[in-house]
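Enquirer: My questions will all concern the structure given below.
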Amino acid sequence: MAPGILDGIRILDMSSGMSGPMATTLLAEAGADVIKVEPPGGERSRPFPGFRTWNRSKRDIVLDLHDAADRATLDRLLATSDVLVHGLRPSVARRHGLDDARLHPRFPRLITCAVLGYPIDHPDAERPGYEALVVARMGLMDEQRGHRPGPVFYRLPIGSCGATHLAIIGILARLHARERSGRGGAAHTSVMQGALAPIMQYWARASQPTQSFAWNLPKNMLSGLWECADGLWVHVIGVVEQVPFMGKVLADLRDDEIAAARRDLDARGLISAPNQLDPAAVKAAFLRHDRETWCAELRAADVAIHEVLQPGELLAMEQVRTNGYAVEVDDPEVGRVWQAGAPIHVDPPLRVRGPAPAAGADGDALRAELASARAPAAPSSLPVETGEAPLAGLKVLDLGNFLAGPFGPMLMSDLGADVIKLEAPTGDRMRYAAERSFAGCQRGKRGIALDLKNPAARPVLEQLVRRSDVVHHNLRYPAALKLGVDYESIAAIRPDVVYCHCSGYGPQGERKDWPSYDQMFQACSGWEAAGGGEGNPPIWHRVGMMDHQNAMASVEAVLLGLRERARTGRGQFVRSSLLGGAAITLSETYLRADGSIADFPPLDSEQMGVSPAYRMYALADGWIVVAALQPGQLEALTRIAGAGSPAEIEAALRPRKLGELLRTLERAGIPAEEVRQAQEDDFFDSPEHDAMRLVVEYPSVDQGRMEQIGALWSLGDLDLQFPRAAPGIGEHTREILCELGFGERDIDVLHDSGAIAFDDSQARAARAR
């Protein structure tokens, strides 16, 4: 079997929980030798089902950092390693001599990735980093509408899922930069930054916002979730009234059916987007037929629809297994199970190396390896280069639309790549449908307006491809074939190109060309059902995280493809998908051989949490969330509440005041946070966020000064770049054509033919028509 792309890279994994371990598992399956370092007694997450997925494909050693011999073993491992991943808060890292200030002089080629609750240089970096505490303190629990007034508990670990991908991207980007400089350095990220990635499409400010930008998708917007006659739910995106079957059902509806549906929608306070079909009629129509009928009829009409599944069911889907997004693992502790697999396709492919190891399983072998190995040479001093971004010099052509395609190239731009966004002269459709979301996935790019359907545009496209290391898009692949931007056509122009396609359902199987949107994969992943709470209807997560999971995974695929190209000189076709991104969010559980799901604590019916120890509580003047998860903490919380049992905590805490209770819990050592609300302006007004570049600002074409969420990594001596807001249509067309060697006469001919546009005049004309 061919070695993996990361063959020869050694990673020490001293992290715990989900994000760091899942990141290192995927890096291990890309070929890295990952050594998990556990404390005596083993990592605290070992009893949880997720541990089996988060830590497969690794070797394992137990080390006591307070023991001199074990500490010497760790130092030998560090000297032979390329990457250290840990979750140590800054004070703890300093206590053990594992902070950047002491590690990097000793091990100049070492890349360090701390995955914490908050950014490593944030004022809150020492606070407990449990997922629920972080998103509550950020204000994200207030960004989601639930089945009752007030903030809701996120059952989906949105920050941890994002941090997993950001850690992988940061490490791979640092490895890319190390090939140039020989130096390692920081590639830190956090649960907070993982959660900021998807909320970026909503959290932004502009000094002169357009009406569309100011609209910002209300929290009570109908999303296309509909109940069918059999009580089962579907999620639908598309113009359903144009489907003949739907037209017949709508025409046959009685007034009383529509009136009943309208009363329900009004009672729930739900609204529809402007110019949409009467939602009460649609709701009543779906109640006429069962789910199987609706899926068959709408799929036959090429309308995007998916069943709302329960958590874990996705791992049994044939489409998931065909594409390797679920993998069968023979685990000595839990038997033969199906776990979430890698969300990307590269060559050589990622592969499972084995089940999660027992604690210390490889300790003797690793110590023997270190004893027999030649002592590493003393590190030589390396030149210090600061300021350059890790992907500086990389050229990317972005052909994508909406969010799942363009967000990945935007991250590459943040990391230093020169990204050109190519769109039709009439513009990316999301420009007009959701301007704020559009701005949240396009910054940093230069824009060229080129009509790929016009034969006169072909020479321009070919020149753009010749100058590009990466071509990236999320077009449905049959459309890419028609436009001549499929892999074979692009590789014929530049054979060593890394070509990345972000699809809906993956490259294999009967669904590979089906229409797809974020909502389809919120539905099939089970998170819509889980987020609704026990006994409730499903909910759509407004932050649209599946697009982002796909996009971030695509960057990982691109960076692995570039690393393989550096080794072999060959380009390749790499892939990510919404389905793969959805599957990896289920890493906390697995399917047993009998089809049952491993322990998956449900969200309660009030959408407050999953247990008395890990949930929100309503107080007299606000809300708190607690994470009383360590031995003795739930008992202490019960005493502090004055309750007779954990089940009585909720009622006992209701009259308590927020400030007083938080102080009492802090003195008792029980992690807790206020569930903050309406935090967008506070986030942007924070001088600390401005200093850390978590907030960035630049002029935009038609919004005045634009403020957006900025840094998703802390890179130490390397920079991130935020040169500009999202480009206007054709804003840089002339500039780019001149760089490609087109003269003024050539440009005039292209413009006269309609192949290019310099500004949005054609788009305005099309919209007016």
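Within each chain, counting starts at residue 1; across the structure tokens, chains are named A, B, ... in the order shown, with ligands numbered 1 upward in that order.
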Name the residues in contact with Ser611 in chain A at a cut-off of 9 Å, using only C-alpha atoms, excluding same-chain residues fewer than 4 positions from it; report them as a PyMOL selection string.

Expert: chain A and resi 601-604+615

Enquirer: Excluding same-chain residues fewer than 3 positions from Gly622 in chain A, what lies within 8 Å of it counting only C-alpha atoms, as a ChimeraX atom specification?

Expert: /A:618-619,657-658,674-675

Enquirer: Tell me which protein, DNA and RNA residues are within 7 Å of Lys421 in chain A, counting only C-alpha atoms, leaving out same-chain ones fewer than 4 positions away, and put them as a tab-separated table (two decimals) with N, CA, C and O atoms, in the first residue's frame.

Expert:
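This went into part02.tsv:
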chain	number	residue	atom	x	y	z
A	397	LEU	N	-7.63	29.99	-8.19
A	397	LEU	CA	-8.74	30.45	-9.02
A	397	LEU	C	-10.02	29.86	-8.43
A	397	LEU	O	-10.20	28.64	-8.38
A	398	ASP	N	-10.93	30.74	-8.00
A	398	ASP	CA	-12.17	30.34	-7.36
A	398	ASP	C	-13.32	30.50	-8.34
A	398	ASP	O	-13.69	31.62	-8.71
A	399	LEU	N	-13.89	29.37	-8.76
A	399	LEU	CA	-15.03	29.38	-9.69
A	399	LEU	C	-16.35	29.14	-8.98
A	399	LEU	O	-17.38	28.96	-9.63
A	445	LYS	N	-10.31	38.51	-1.82
A	445	LYS	CA	-10.15	38.07	-3.21
A	445	LYS	C	-10.19	39.26	-4.16
A	445	LYS	O	-10.79	40.30	-3.88
A	446	ARG	N	-9.57	39.08	-5.29
A	446	ARG	CA	-9.80	39.98	-6.42
A	446	ARG	C	-10.87	39.35	-7.31
A	446	ARG	O	-10.99	38.13	-7.37
A	447	GLY	N	-11.66	40.21	-7.98
A	447	GLY	CA	-12.77	39.71	-8.75
A	447	GLY	C	-12.65	39.99	-10.23
A	447	GLY	O	-12.32	41.11	-10.64
A	448	ILE	N	-12.90	38.95	-11.04
A	448	ILE	CA	-12.98	39.12	-12.50
A	448	ILE	C	-14.35	38.63	-12.95
A	448	ILE	O	-14.82	37.58	-12.49

Enquirer: Kindly indicate which residue among A:Ala326, A:Ala23, A:Leu394, A:Val485 lies nearest to Cys500 in chain A, using only C-alpha atoms for the distances.

Expert: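 Checking each of A:Ala326, A:Ala23, A:Leu394, A:Val485 against Cys500 in chain A, counting only C-alpha atoms, the winner is A:Val485.
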
Enquirer: If you run DSSP on this backbone, which residues of range 525-630 of chain A come out as strand (DSSP E), and could you give them as a PyMOL selection string?

Expert: chain A and resi 572-577+591-592+609-611+614-619+622-627

Enquirer: Rank A:Phe51, A:Pro40, A:Asp486, A:Val749 by their smallest atom-to-atom distance to Asp67 in chain A, using only C-alpha atoms, and report the top residue only.

Expert: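 With only C-alpha atoms as the atom set, the closest residue is A:Pro40.
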
Enquirer: Select, from A:Asp451, A:Asp124, A:Asp13, A:Asp60, the residue with the minimum atom-to-atom distance to Val83 in chain A, counting only C-alpha atoms.

Expert: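 Smallest separation from Val83 in chain A among the options: A:Asp13.
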
Enquirer: Can you write out as a tab-separated table which residues of range 181-298 of chain A fall within 9 Å of range 714-726 of chain A, alongside each residue's closest atom pair and its distance in Å to one decimal, counting only C-alpha atoms and ordering rows by chain and ascending residue number?

Expert:
residue	atom	partner	partner_atom	distance
A:Gly185	CA	A:Gly716	CA	6.8
A:Ala186	CA	A:Leu715	CA	4.8
A:Ala187	CA	A:Leu715	CA	4.9
A:His188	CA	A:Ser714	CA	5.0
A:Thr189	CA	A:Ser714	CA	6.2

Enquirer: Using N, CA and C atoms, can you write the selected residues to a file as a PDB file, in the first residue's frame?

Expert:
ATOM      1  N   GLY A 185       6.751  26.722  14.187  1.00  0.00           N
ATOM      2  CA  GLY A 185       6.103  27.866  14.819  1.00  0.00           C
ATOM      3  C   GLY A 185       4.670  27.547  15.179  1.00  0.00           C
ATOM      4  N   ALA A 186       3.932  28.579  15.545  1.00  0.00           N
ATOM      5  CA  ALA A 186       2.586  28.409  16.083  1.00  0.00           C
ATOM      6  C   ALA A 186       1.551  28.232  14.986  1.00  0.00           C
ATOM      7  N   ALA A 187       0.537  27.416  15.306  1.00  0.00           N
ATOM      8  CA  ALA A 187      -0.649  27.253  14.450  1.00  0.00           C
ATOM      9  C   ALA A 187      -1.841  27.007  15.373  1.00  0.00           C
ATOM     10  N   HIS A 188      -2.074  27.968  16.268  1.00  0.00           N
ATOM     11  CA  HIS A 188      -3.076  27.782  17.313  1.00  0.00           C
ATOM     12  C   HIS A 188      -4.466  28.173  16.841  1.00  0.00           C
ATOM     13  N   THR A 189      -5.476  27.526  17.410  1.00  0.00           N
ATOM     14  CA  THR A 189      -6.864  27.911  17.158  1.00  0.00           C
ATOM     15  C   THR A 189      -7.674  27.563  18.396  1.00  0.00           C
TER      16      THR A 189
END

Enquirer: How close does range 440-556 of chain A get to range 234-240 of chain A? List, as a Markdown table, each residue of range 440-556 of chain A within 10 Å, its nearest atom pair and the distance in Å to one decimal, counting only C-alpha atoms.

Expert:
| residue | atom | partner | partner_atom | distance |
| --- | --- | --- | --- | --- |
| A:Pro515 | CA | A:Ile237 | CA | 9.4 |
| A:Ser516 | CA | A:Ile237 | CA | 8.6 |
| A:Tyr517 | CA | A:Ile237 | CA | 7.5 |
| A:Asp518 | CA | A:Ile237 | CA | 9.6 |
| A:Gln519 | CA | A:His235 | CA | 6.7 |
| A:Met520 | CA | A:His235 | CA | 6.2 |
| A:Phe521 | CA | A:His235 | CA | 9.3 |
| A:Gln522 | CA | A:His235 | CA | 8.8 |
| A:Ala523 | CA | A:His235 | CA | 6.4 |
| A:Cys524 | CA | A:His235 | CA | 9.1 |
| A:Glu528 | CA | A:His235 | CA | 9.6 |
| A:Pro538 | CA | A:Val234 | CA | 9.6 |
| A:Trp540 | CA | A:His235 | CA | 8.9 |

Enquirer: Can I get the selection written as a PDB file, in the first residue's frame, with N, CA, C and O atoms?

Expert:
ATOM      1  N   PRO A 515     -28.963  17.803  -6.574  1.00  0.00           N
ATOM      2  CA  PRO A 515     -28.875  19.169  -6.050  1.00  0.00           C
ATOM      3  C   PRO A 515     -28.700  19.141  -4.539  1.00  0.00           C
ATOM      4  O   PRO A 515     -29.213  18.241  -3.865  1.00  0.00           O
ATOM      5  N   SER A 516     -27.979  20.105  -4.011  1.00  0.00           N
ATOM      6  CA  SER A 516     -27.662  20.052  -2.583  1.00  0.00           C
ATOM      7  C   SER A 516     -27.454  21.452  -2.028  1.00  0.00           C
ATOM      8  O   SER A 516     -26.890  22.326  -2.701  1.00  0.00           O
ATOM      9  N   TYR A 517     -27.909  21.617  -0.812  1.00  0.00           N
ATOM     10  CA  TYR A 517     -27.729  22.846  -0.048  1.00  0.00           C
ATOM     11  C   TYR A 517     -27.408  22.465   1.391  1.00  0.00           C
ATOM     12  O   TYR A 517     -27.658  21.337   1.817  1.00  0.00           O
ATOM     13  N   ASP A 518     -26.895  23.419   2.128  1.00  0.00           N
ATOM     14  CA  ASP A 518     -26.573  23.199   3.538  1.00  0.00           C
ATOM     15  C   ASP A 518     -27.720  22.508   4.273  1.00  0.00           C
ATOM     16  O   ASP A 518     -27.504  21.572   5.061  1.00  0.00           O
ATOM     17  N   GLN A 519     -28.940  22.961   4.034  1.00  0.00           N
ATOM     18  CA  GLN A 519     -30.085  22.456   4.788  1.00  0.00           C
ATOM     19  C   GLN A 519     -30.304  20.952   4.604  1.00  0.00           C
ATOM     20  O   GLN A 519     -30.777  20.278   5.524  1.00  0.00           O
ATOM     21  N   MET A 520     -29.973  20.431   3.407  1.00  0.00           N
ATOM     22  CA  MET A 520     -30.152  18.996   3.178  1.00  0.00           C
ATOM     23  C   MET A 520     -29.309  18.178   4.161  1.00  0.00           C
ATOM     24  O   MET A 520     -29.708  17.090   4.607  1.00  0.00           O
ATOM     25  N   PHE A 521     -28.164  18.721   4.515  1.00  0.00           N
ATOM     26  CA  PHE A 521     -27.201  17.948   5.306  1.00  0.00           C
ATOM     27  C   PHE A 521     -27.334  18.233   6.794  1.00  0.00           C
ATOM     28  O   PHE A 521     -26.947  17.407   7.612  1.00  0.00           O
ATOM     29  N   GLN A 522     -27.930  19.365   7.134  1.00  0.00           N
ATOM     30  CA  GLN A 522     -28.409  19.509   8.505  1.00  0.00           C
ATOM     31  C   GLN A 522     -29.493  18.473   8.774  1.00  0.00           C
ATOM     32  O   GLN A 522     -29.571  17.902   9.865  1.00  0.00           O
ATOM     33  N   ALA A 523     -30.330  18.230   7.758  1.00  0.00           N
ATOM     34  CA  ALA A 523     -31.429  17.275   7.917  1.00  0.00           C
ATOM     35  C   ALA A 523     -30.919  15.844   8.028  1.00  0.00           C
ATOM     36  O   ALA A 523     -31.279  15.108   8.953  1.00  0.00           O
ATOM     37  N   CYS A 524     -30.074  15.427   7.087  1.00  0.00           N
ATOM     38  CA  CYS A 524     -29.669  14.017   7.078  1.00  0.00           C
ATOM     39  C   CYS A 524     -28.666  13.692   8.177  1.00  0.00           C
ATOM     40  O   CYS A 524     -28.546  12.536   8.586  1.00  0.00           O
ATOM     41  N   GLU A 528     -30.748  18.473  12.969  1.00  0.00           N
ATOM     42  CA  GLU A 528     -32.020  19.192  13.056  1.00  0.00           C
ATOM     43  C   GLU A 528     -32.964  18.502  14.045  1.00  0.00           C
ATOM     44  O   GLU A 528     -33.641  19.174  14.838  1.00  0.00           O
ATOM     45  N   PRO A 538     -38.172  19.195  14.513  1.00  0.00           N
ATOM     46  CA  PRO A 538     -36.772  19.555  14.254  1.00  0.00           C
ATOM     47  C   PRO A 538     -36.621  21.064  14.073  1.00  0.00           C
ATOM     48  O   PRO A 538     -37.599  21.781  13.825  1.00  0.00           O
ATOM     49  N   TRP A 540     -34.044  24.128  12.169  1.00  0.00           N
ATOM     50  CA  TRP A 540     -32.949  24.482  11.272  1.00  0.00           C
ATOM     51  C   TRP A 540     -31.961  25.361  12.027  1.00  0.00           C
ATOM     52  O   TRP A 540     -32.343  26.323  12.692  1.00  0.00           O
TER      53      TRP A 540
END

Enquirer: For the structure I just gave you, how does DSSP split range 448-620 of chain A - specifically, which residues are alpha helix (DSSP H)? Reply as a PyMOL selection string.

Expert: chain A and resi 458-466+477-483+487-493+518-525+527-532+545-568+578-584

Enquirer: Interatomic distance between CA of Leu370 in chain A and CA of Leu77 in chain A?

Expert: 7.7 Å

Enquirer: Report as a tab-separated table: every residue of range 172-237 of chain A with an atom at most 6 Å from range 268-282 of chain A, its closest pair of atoms, and their distance in Å to one decimal, counting only C-alpha atoms, with rows sorted by chain and ascending residue number.

Expert:
residue	atom	partner	partner_atom	distance
A:Asn220	CA	A:Leu270	CA	5.1
A:Met221	CA	A:Ile271	CA	5.1
A:Leu222	CA	A:Ser272	CA	5.3

Enquirer: Mind dumping the selected residues with N, CA, C and O atoms as a short mmCIF file (atom, residue, chain, number, x, y, z; two decimals), in the first residue's frame?

Expert:
data_model
loop_
_atom_site.label_atom_id
_atom_site.label_comp_id
_atom_site.auth_asym_id
_atom_site.auth_seq_id
_atom_site.Cartn_x
_atom_site.Cartn_y
_atom_site.Cartn_z
N ASN A 220 -36.41 34.11 13.00
CA ASN A 220 -37.68 33.40 12.88
C ASN A 220 -38.07 33.13 11.43
O ASN A 220 -39.24 32.97 11.10
N MET A 221 -37.07 33.06 10.56
CA MET A 221 -37.32 32.82 9.14
C MET A 221 -37.67 31.34 8.90
O MET A 221 -36.99 30.45 9.41
N LEU A 222 -38.72 31.10 8.13
CA LEU A 222 -39.02 29.74 7.71
C LEU A 222 -37.87 29.19 6.86
O LEU A 222 -37.31 29.91 6.04
#
